[in-house]
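A.B. asks: To be precise about what I am sending: the file is called entry39.pdb and holds PDB, C-alpha atoms.
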```pdb
ATOM      1  CA  MET Q 258       5.728 -35.694 -25.468  1.00  0.00           C
ATOM      2  CA  GLU Q 259       3.574 -35.842 -22.364  1.00  0.00           C
ATOM      3  CA  LEU Q 260       3.745 -33.405 -19.517  1.00  0.00           C
ATOM      4  CA  GLU Q 261       2.955 -34.353 -15.943  1.00  0.00           C
ATOM      5  CA  ARG Q 262       2.603 -31.407 -13.660  1.00  0.00           C
ATOM      6  CA  GLU Q 263       0.500 -30.446 -10.690  1.00  0.00           C
ATOM      7  CA  GLY Q 264      -2.051 -27.748 -11.356  1.00  0.00           C
ATOM      8  CA  VAL Q 265      -5.197 -26.262  -9.879  1.00  0.00           C
ATOM      9  CA  ARG Q 266      -8.696 -26.463 -11.338  1.00  0.00           C
ATOM     10  CA  LEU Q 267     -10.872 -23.500 -10.505  1.00  0.00           C
ATOM     11  CA  ARG Q 268     -14.605 -23.736 -11.132  1.00  0.00           C
ATOM     12  CA  ILE Q 269     -16.741 -20.624 -10.990  1.00  0.00           C
ATOM     13  CA  TYR Q 270     -20.485 -21.291 -10.742  1.00  0.00           C
ATOM     14  CA  ILE Q 271     -22.609 -18.310 -11.782  1.00  0.00           C
ATOM     15  CA  GLY Q 272     -25.828 -17.560 -13.641  1.00  0.00           C
ATOM     16  CA  GLU Q 273     -26.135 -16.758 -17.308  1.00  0.00           C
ATOM     17  CA  ALA Q 274     -27.849 -13.451 -16.471  1.00  0.00           C
ATOM     18  CA  ASP Q 275     -25.052 -12.292 -14.120  1.00  0.00           C
ATOM     19  CA  ARG Q 276     -23.335  -9.168 -15.415  1.00  0.00           C
ATOM     20  CA  TYR Q 277     -20.273  -7.082 -14.641  1.00  0.00           C
ATOM     21  CA  LYS Q 278     -19.712  -3.609 -16.090  1.00  0.00           C
ATOM     22  CA  GLY Q 279     -22.622  -4.145 -18.488  1.00  0.00           C
ATOM     23  CA  LYS Q 280     -21.200  -7.365 -19.943  1.00  0.00           C
ATOM     24  CA  PRO Q 281     -22.173 -10.992 -19.256  1.00  0.00           C
ATOM     25  CA  LEU Q 282     -20.036 -12.025 -16.296  1.00  0.00           C
ATOM     26  CA  TYR Q 283     -18.811 -15.240 -17.914  1.00  0.00           C
ATOM     27  CA  LYS Q 284     -17.504 -13.272 -20.919  1.00  0.00           C
ATOM     28  CA  TYR Q 285     -15.847 -10.694 -18.677  1.00  0.00           C
ATOM     29  CA  LEU Q 286     -14.153 -13.479 -16.672  1.00  0.00           C
ATOM     30  CA  VAL Q 287     -12.801 -15.252 -19.763  1.00  0.00           C
ATOM     31  CA  GLU Q 288     -11.607 -12.071 -21.483  1.00  0.00           C
ATOM     32  CA  THR Q 289      -9.866 -10.789 -18.358  1.00  0.00           C
ATOM     33  CA  MET Q 290      -8.232 -14.153 -17.593  1.00  0.00           C
ATOM     34  CA  ARG Q 291      -6.926 -14.258 -21.149  1.00  0.00           C
ATOM     35  CA  SER Q 292      -5.449 -10.769 -20.830  1.00  0.00           C
ATOM     36  CA  GLU Q 293      -3.867 -11.854 -17.515  1.00  0.00           C
ATOM     37  CA  GLY Q 294      -2.021 -14.705 -19.253  1.00  0.00           C
ATOM     38  CA  ILE Q 295      -4.115 -17.626 -18.000  1.00  0.00           C
ATOM     39  CA  CYS Q 296      -3.530 -20.402 -20.536  1.00  0.00           C
ATOM     40  CA  GLY Q 297      -7.158 -21.444 -21.007  1.00  0.00           C
ATOM     41  CA  ALA Q 298     -10.724 -21.256 -19.760  1.00  0.00           C
ATOM     42  CA  THR Q 299     -13.915 -23.051 -20.714  1.00  0.00           C
ATOM     43  CA  VAL Q 300     -17.502 -21.884 -20.225  1.00  0.00           C
ATOM     44  CA  ILE Q 301     -20.076 -24.627 -19.710  1.00  0.00           C
ATOM     45  CA  ARG Q 302     -23.804 -23.872 -19.892  1.00  0.00           C
ATOM     46  CA  GLY Q 303     -25.940 -26.066 -17.675  1.00  0.00           C
ATOM     47  CA  LEU Q 304     -29.285 -27.499 -18.680  1.00  0.00           C
ATOM     48  CA  THR Q 305     -30.829 -27.266 -15.233  1.00  0.00           C
ATOM     49  CA  GLY Q 306     -29.664 -26.269 -11.792  1.00  0.00           C
ATOM     50  CA  TYR Q 307     -30.335 -24.381  -8.604  1.00  0.00           C
ATOM     51  CA  GLY Q 308     -28.274 -22.417  -6.165  1.00  0.00           C
ATOM     52  CA  LYS Q 309     -28.497 -20.841  -2.733  1.00  0.00           C
ATOM     53  CA  ALA Q 310     -32.069 -19.590  -3.245  1.00  0.00           C
ATOM     54  CA  SER Q 311     -33.205 -23.112  -4.303  1.00  0.00           C
ATOM     55  CA  ARG Q 312     -34.980 -21.774  -7.413  1.00  0.00           C
ATOM     56  CA  ILE Q 313     -34.680 -24.244 -10.264  1.00  0.00           C
ATOM     57  CA  HIS Q 314     -33.303 -22.673 -13.438  1.00  0.00           C
ATOM     58  CA  SER Q 315     -34.368 -24.613 -16.503  1.00  0.00           C
ATOM     59  CA  PRO Q 316     -35.234 -23.865 -20.147  1.00  0.00           C
ATOM     60  CA  SER Q 317     -38.692 -25.333 -19.506  1.00  0.00           C
ATOM     61  CA  ILE Q 318     -39.510 -22.524 -17.070  1.00  0.00           C
ATOM     62  CA  LEU Q 319     -39.856 -19.542 -19.392  1.00  0.00           C
ATOM     63  CA  ARG Q 320     -39.099 -16.771 -16.918  1.00  0.00           C
ATOM     64  CA  LEU Q 321     -35.818 -18.395 -15.840  1.00  0.00           C
ATOM     65  CA  SER Q 322     -34.720 -19.761 -19.215  1.00  0.00           C
ATOM     66  CA  THR Q 323     -32.369 -16.822 -19.774  1.00  0.00           C
ATOM     67  CA  ASP Q 324     -30.600 -17.430 -16.456  1.00  0.00           C
ATOM     68  CA  LEU Q 325     -29.305 -20.959 -16.855  1.00  0.00           C
ATOM     69  CA  PRO Q 326     -26.370 -22.178 -14.759  1.00  0.00           C
ATOM     70  CA  ILE Q 327     -22.887 -21.342 -16.081  1.00  0.00           C
ATOM     71  CA  VAL Q 328     -19.582 -22.867 -15.007  1.00  0.00           C
ATOM     72  CA  VAL Q 329     -16.312 -21.202 -15.962  1.00  0.00           C
ATOM     73  CA  GLU Q 330     -13.504 -23.742 -15.589  1.00  0.00           C
ATOM     74  CA  VAL Q 331      -9.787 -22.964 -15.547  1.00  0.00           C
ATOM     75  CA  VAL Q 332      -6.741 -25.188 -15.015  1.00  0.00           C
ATOM     76  CA  ALA Q 333      -3.518 -23.339 -14.266  1.00  0.00           C
ATOM     77  CA  ARG Q 334      -0.473 -23.248 -12.029  1.00  0.00           C
ATOM     78  CA  ARG Q 335      -1.161 -22.554  -8.371  1.00  0.00           C
ATOM     79  CA  GLU Q 336       0.624 -19.176  -8.478  1.00  0.00           C
ATOM     80  CA  ASN Q 337      -1.606 -18.007 -11.339  1.00  0.00           C
ATOM     81  CA  ILE Q 338      -4.767 -19.097  -9.519  1.00  0.00           C
ATOM     82  CA  GLU Q 339      -3.606 -17.371  -6.317  1.00  0.00           C
ATOM     83  CA  ARG Q 340      -3.013 -14.193  -8.304  1.00  0.00           C
ATOM     84  CA  LEU Q 341      -6.632 -14.290  -9.569  1.00  0.00           C
ATOM     85  CA  LYS Q 342      -8.368 -14.870  -6.231  1.00  0.00           C
ATOM     86  CA  PRO Q 343      -8.536 -11.257  -4.938  1.00  0.00           C
ATOM     87  CA  TRP Q 344      -9.882 -10.092  -8.296  1.00  0.00           C
ATOM     88  CA  LEU Q 345     -12.451 -12.918  -8.403  1.00  0.00           C
ATOM     89  CA  LYS Q 346     -13.720 -12.026  -4.924  1.00  0.00           C
ATOM     90  CA  GLU Q 347     -14.488  -8.522  -6.197  1.00  0.00           C
ATOM     91  CA  VAL Q 348     -16.081  -9.571  -9.482  1.00  0.00           C
ATOM     92  CA  VAL Q 349     -18.103 -12.663  -8.490  1.00  0.00           C
ATOM     93  CA  THR Q 350     -20.524 -11.230  -5.949  1.00  0.00           C
ATOM     94  CA  GLU Q 351     -23.037 -14.094  -6.223  1.00  0.00           C
ATOM     95  CA  GLY Q 352     -22.059 -17.628  -7.044  1.00  0.00           C
ATOM     96  CA  LEU Q 353     -19.682 -20.323  -5.903  1.00  0.00           C
ATOM     97  CA  ILE Q 354     -15.990 -20.805  -6.576  1.00  0.00           C
ATOM     98  CA  THR Q 355     -14.288 -24.146  -5.963  1.00  0.00           C
ATOM     99  CA  GLU Q 356     -10.649 -25.118  -6.195  1.00  0.00           C
ATOM    100  CA  GLU Q 357      -9.000 -28.506  -6.380  1.00  0.00           C
ATOM    101  CA  LYS Q 358      -5.563 -29.896  -7.055  1.00  0.00           C
ATOM    102  CA  VAL Q 359      -5.264 -31.736 -10.386  1.00  0.00           C
ATOM    103  CA  ASN Q 360      -2.543 -33.675 -12.137  1.00  0.00           C
ATOM    104  CA  VAL Q 361      -2.073 -32.365 -15.667  1.00  0.00           C
ATOM    105  CA  VAL Q 362      -1.084 -35.300 -17.880  1.00  0.00           C
ATOM    106  CA  PHE Q 363      -0.963 -33.545 -21.235  1.00  0.00           C
ATOM    107  CA  TYR Q 364      -1.231 -29.983 -22.451  1.00  0.00           C
ATOM    108  CA  GLY Q 365      -0.994 -29.317 -26.171  1.00  0.00           C
ATOM    109  CA  GLY Q 366      -0.301 -25.571 -25.963  1.00  0.00           C
ATOM    110  CA  ASP Q 367       2.591 -23.479 -24.732  1.00  0.00           C
ATOM    111  CA  ARG Q 368       3.958 -25.696 -21.962  1.00  0.00           C
ATOM    112  CA  GLU Q 369       5.602 -22.762 -20.228  1.00  0.00           C
ATOM    113  CA  LYS Q 370       2.207 -21.172 -19.536  1.00  0.00           C
ATOM    114  CA  LEU Q 371       0.767 -24.118 -17.631  1.00  0.00           C
TER     115      LEU Q 371
END
```
Before anything else, please render the file you have as structure tokens.
C.D. replies:
Amino acid sequence: MELEREGVRLRIYIGEADRYKGKPLYKYLVETMRSEGICGATVIRGLTGYGKASRIHSPSILRLSTDLPIVVEVVARRENIERLKPWLKEVVTEGLITEEKVNVVFYGGDREKL
């Protein structure tokens, strides 16, 4: 059975070296979102990228190879995303967060969560 529902995709662009409370920020984000009942999150490690400072982060540049770009992506109901925003503004002090409306065509998990 297919599910068609409107959702929101949140993308959080950070660096691999970013930390929060002594833990890699991407791990802290995923663990906290899970404990908050968000149905799923994916962490994507970029091969190369640059941000506000225009410094290229790439594995070929040894001093920056441990700070590659990271994207944490979440698709959830609007009310769940809205609930996360104040917390995200506190935790993500450097980076970029984008939001866009998406049409969820299929979700193979607990349909009530999405």
A.B. asks: Just so the selection is clear, what residues does the PyMOL selection byres ((chain Q and resi 290) around 12) cover here, as number ranges by chain?
C.D. replies: Q: 283-289, 291-299, 329-333, 337-338, 340-342, 344-345
A.B. asks: Take the PyMOL selection byres ((chain Q and resi 266) around 10), run it mentally on this structure, and tell me the resulting residues as a PyMOL selection string.
C.D. replies: chain Q and resi 264-265+267-269+330-335+338+355-361
A.B. asks: Figure out the distance between CA of Ile271 in chain Q and CA of Gly308 in chain Q, please, to one decimal in Å.
C.D. replies: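 Distance reported for this atom pair: 9.0 Å.
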A.B. asks: Give the answer as one residue: which of Q:Thr305, Q:Pro343, Q:Glu261, Q:Val349 has the shortest atom-to-atom distance to Lys278 in chain Q, using only C-alpha atoms?
C.D. replies: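 Among the listed residues, Q:Val349 lies closest to Lys278 in chain Q.
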A.B. asks: By how many Å are CA of Lys280 in chain Q and CA of Glu336 in chain Q apart?
C.D. replies: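 Interatomic distance, CA of Lys280 in chain Q to CA of Glu336 in chain Q: 27.3 Å.
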A.B. asks: Record the distance separating CA of Gly306 in chain Q and CA of Pro326 in chain Q, expressed in Å with one decimal.
C.D. replies: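 That distance, rounded to one decimal, is 6.0 Å.
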A.B. asks: Between Q:Val362, Q:Leu353, Q:Leu325, Q:Val348, which residue has the minimum interatomic distance to Arg276 in chain Q, considering all atoms listed in the file?
C.D. replies: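 Answer, going by the shortest atom-to-atom distance: Q:Val348.
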A.B. asks: Can you work out which one of Q:Tyr277, Q:Val328, Q:Leu282, Q:Glu351 has the shortest atom-to-atom distance to Arg302 in chain Q, counting all atoms listed in the file?
C.D. replies: Q:Val328
A.B. asks: As a PDB file, keeping the file's coordinate frame, please: range 272-295 of chain Q completed to N, CA and C atoms.
C.D. replies:
```pdb
ATOM      1  N   GLY Q 272     -24.644 -17.492 -12.796  1.00  0.00           N
ATOM      2  CA  GLY Q 272     -25.828 -17.560 -13.641  1.00  0.00           C
ATOM      3  C   GLY Q 272     -25.588 -16.877 -14.973  1.00  0.00           C
ATOM      4  N   GLU Q 273     -26.290 -17.321 -15.974  1.00  0.00           N
ATOM      5  CA  GLU Q 273     -26.135 -16.758 -17.308  1.00  0.00           C
ATOM      6  C   GLU Q 273     -26.504 -15.274 -17.345  1.00  0.00           C
ATOM      7  N   ALA Q 274     -27.406 -14.844 -16.489  1.00  0.00           N
ATOM      8  CA  ALA Q 274     -27.849 -13.451 -16.471  1.00  0.00           C
ATOM      9  C   ALA Q 274     -26.930 -12.547 -15.646  1.00  0.00           C
ATOM     10  N   ASP Q 275     -25.968 -13.104 -14.928  1.00  0.00           N
ATOM     11  CA  ASP Q 275     -25.052 -12.292 -14.120  1.00  0.00           C
ATOM     12  C   ASP Q 275     -24.216 -11.397 -15.025  1.00  0.00           C
ATOM     13  N   ARG Q 276     -24.056 -10.137 -14.600  1.00  0.00           N
ATOM     14  CA  ARG Q 276     -23.335  -9.168 -15.415  1.00  0.00           C
ATOM     15  C   ARG Q 276     -22.300  -8.436 -14.575  1.00  0.00           C
ATOM     16  N   TYR Q 277     -21.291  -7.919 -15.277  1.00  0.00           N
ATOM     17  CA  TYR Q 277     -20.273  -7.082 -14.641  1.00  0.00           C
ATOM     18  C   TYR Q 277     -19.881  -6.004 -15.640  1.00  0.00           C
ATOM     19  N   LYS Q 278     -20.002  -4.755 -15.221  1.00  0.00           N
ATOM     20  CA  LYS Q 278     -19.712  -3.609 -16.090  1.00  0.00           C
ATOM     21  C   LYS Q 278     -20.480  -3.685 -17.410  1.00  0.00           C
ATOM     22  N   GLY Q 279     -21.751  -4.107 -17.317  1.00  0.00           N
ATOM     23  CA  GLY Q 279     -22.622  -4.145 -18.488  1.00  0.00           C
ATOM     24  C   GLY Q 279     -22.425  -5.323 -19.422  1.00  0.00           C
ATOM     25  N   LYS Q 280     -21.532  -6.230 -19.078  1.00  0.00           N
ATOM     26  CA  LYS Q 280     -21.200  -7.365 -19.943  1.00  0.00           C
ATOM     27  C   LYS Q 280     -21.567  -8.664 -19.212  1.00  0.00           C
ATOM     28  N   PRO Q 281     -21.956  -9.717 -19.942  1.00  0.00           N
ATOM     29  CA  PRO Q 281     -22.173 -10.992 -19.256  1.00  0.00           C
ATOM     30  C   PRO Q 281     -20.925 -11.370 -18.441  1.00  0.00           C
ATOM     31  N   LEU Q 282     -21.144 -11.750 -17.196  1.00  0.00           N
ATOM     32  CA  LEU Q 282     -20.036 -12.025 -16.296  1.00  0.00           C
ATOM     33  C   LEU Q 282     -19.109 -13.104 -16.831  1.00  0.00           C
ATOM     34  N   TYR Q 283     -19.665 -14.164 -17.411  1.00  0.00           N
ATOM     35  CA  TYR Q 283     -18.811 -15.240 -17.914  1.00  0.00           C
ATOM     36  C   TYR Q 283     -17.873 -14.734 -19.010  1.00  0.00           C
ATOM     37  N   LYS Q 284     -18.359 -13.837 -19.866  1.00  0.00           N
ATOM     38  CA  LYS Q 284     -17.504 -13.272 -20.919  1.00  0.00           C
ATOM     39  C   LYS Q 284     -16.424 -12.378 -20.313  1.00  0.00           C
ATOM     40  N   TYR Q 285     -16.810 -11.569 -19.343  1.00  0.00           N
ATOM     41  CA  TYR Q 285     -15.847 -10.694 -18.677  1.00  0.00           C
ATOM     42  C   TYR Q 285     -14.751 -11.524 -18.007  1.00  0.00           C
ATOM     43  N   LEU Q 286     -15.132 -12.616 -17.333  1.00  0.00           N
ATOM     44  CA  LEU Q 286     -14.153 -13.479 -16.672  1.00  0.00           C
ATOM     45  C   LEU Q 286     -13.156 -14.053 -17.674  1.00  0.00           C
ATOM     46  N   VAL Q 287     -13.667 -14.614 -18.758  1.00  0.00           N
ATOM     47  CA  VAL Q 287     -12.801 -15.252 -19.763  1.00  0.00           C
ATOM     48  C   VAL Q 287     -11.883 -14.224 -20.425  1.00  0.00           C
ATOM     49  N   GLU Q 288     -12.425 -13.093 -20.818  1.00  0.00           N
ATOM     50  CA  GLU Q 288     -11.607 -12.071 -21.483  1.00  0.00           C
ATOM     51  C   GLU Q 288     -10.515 -11.535 -20.563  1.00  0.00           C
ATOM     52  N   THR Q 289     -10.853 -11.311 -19.295  1.00  0.00           N
ATOM     53  CA  THR Q 289      -9.866 -10.789 -18.358  1.00  0.00           C
ATOM     54  C   THR Q 289      -8.807 -11.838 -18.042  1.00  0.00           C
ATOM     55  N   MET Q 290      -9.212 -13.094 -17.853  1.00  0.00           N
ATOM     56  CA  MET Q 290      -8.232 -14.153 -17.593  1.00  0.00           C
ATOM     57  C   MET Q 290      -7.272 -14.291 -18.766  1.00  0.00           C
ATOM     58  N   ARG Q 291      -7.792 -14.176 -19.963  1.00  0.00           N
ATOM     59  CA  ARG Q 291      -6.926 -14.258 -21.149  1.00  0.00           C
ATOM     60  C   ARG Q 291      -5.908 -13.121 -21.148  1.00  0.00           C
ATOM     61  N   SER Q 292      -6.369 -11.912 -20.847  1.00  0.00           N
ATOM     62  CA  SER Q 292      -5.449 -10.769 -20.830  1.00  0.00           C
ATOM     63  C   SER Q 292      -4.440 -10.868 -19.687  1.00  0.00           C
ATOM     64  N   GLU Q 293      -4.770 -11.643 -18.649  1.00  0.00           N
ATOM     65  CA  GLU Q 293      -3.867 -11.854 -17.515  1.00  0.00           C
ATOM     66  C   GLU Q 293      -2.902 -13.018 -17.744  1.00  0.00           C
ATOM     67  N   GLY Q 294      -2.966 -13.643 -18.923  1.00  0.00           N
ATOM     68  CA  GLY Q 294      -2.021 -14.705 -19.253  1.00  0.00           C
ATOM     69  C   GLY Q 294      -2.402 -16.095 -18.786  1.00  0.00           C
ATOM     70  N   ILE Q 295      -3.653 -16.284 -18.360  1.00  0.00           N
ATOM     71  CA  ILE Q 295      -4.115 -17.626 -18.000  1.00  0.00           C
ATOM     72  C   ILE Q 295      -4.232 -18.426 -19.291  1.00  0.00           C
TER      73      ILE Q 295
END
```
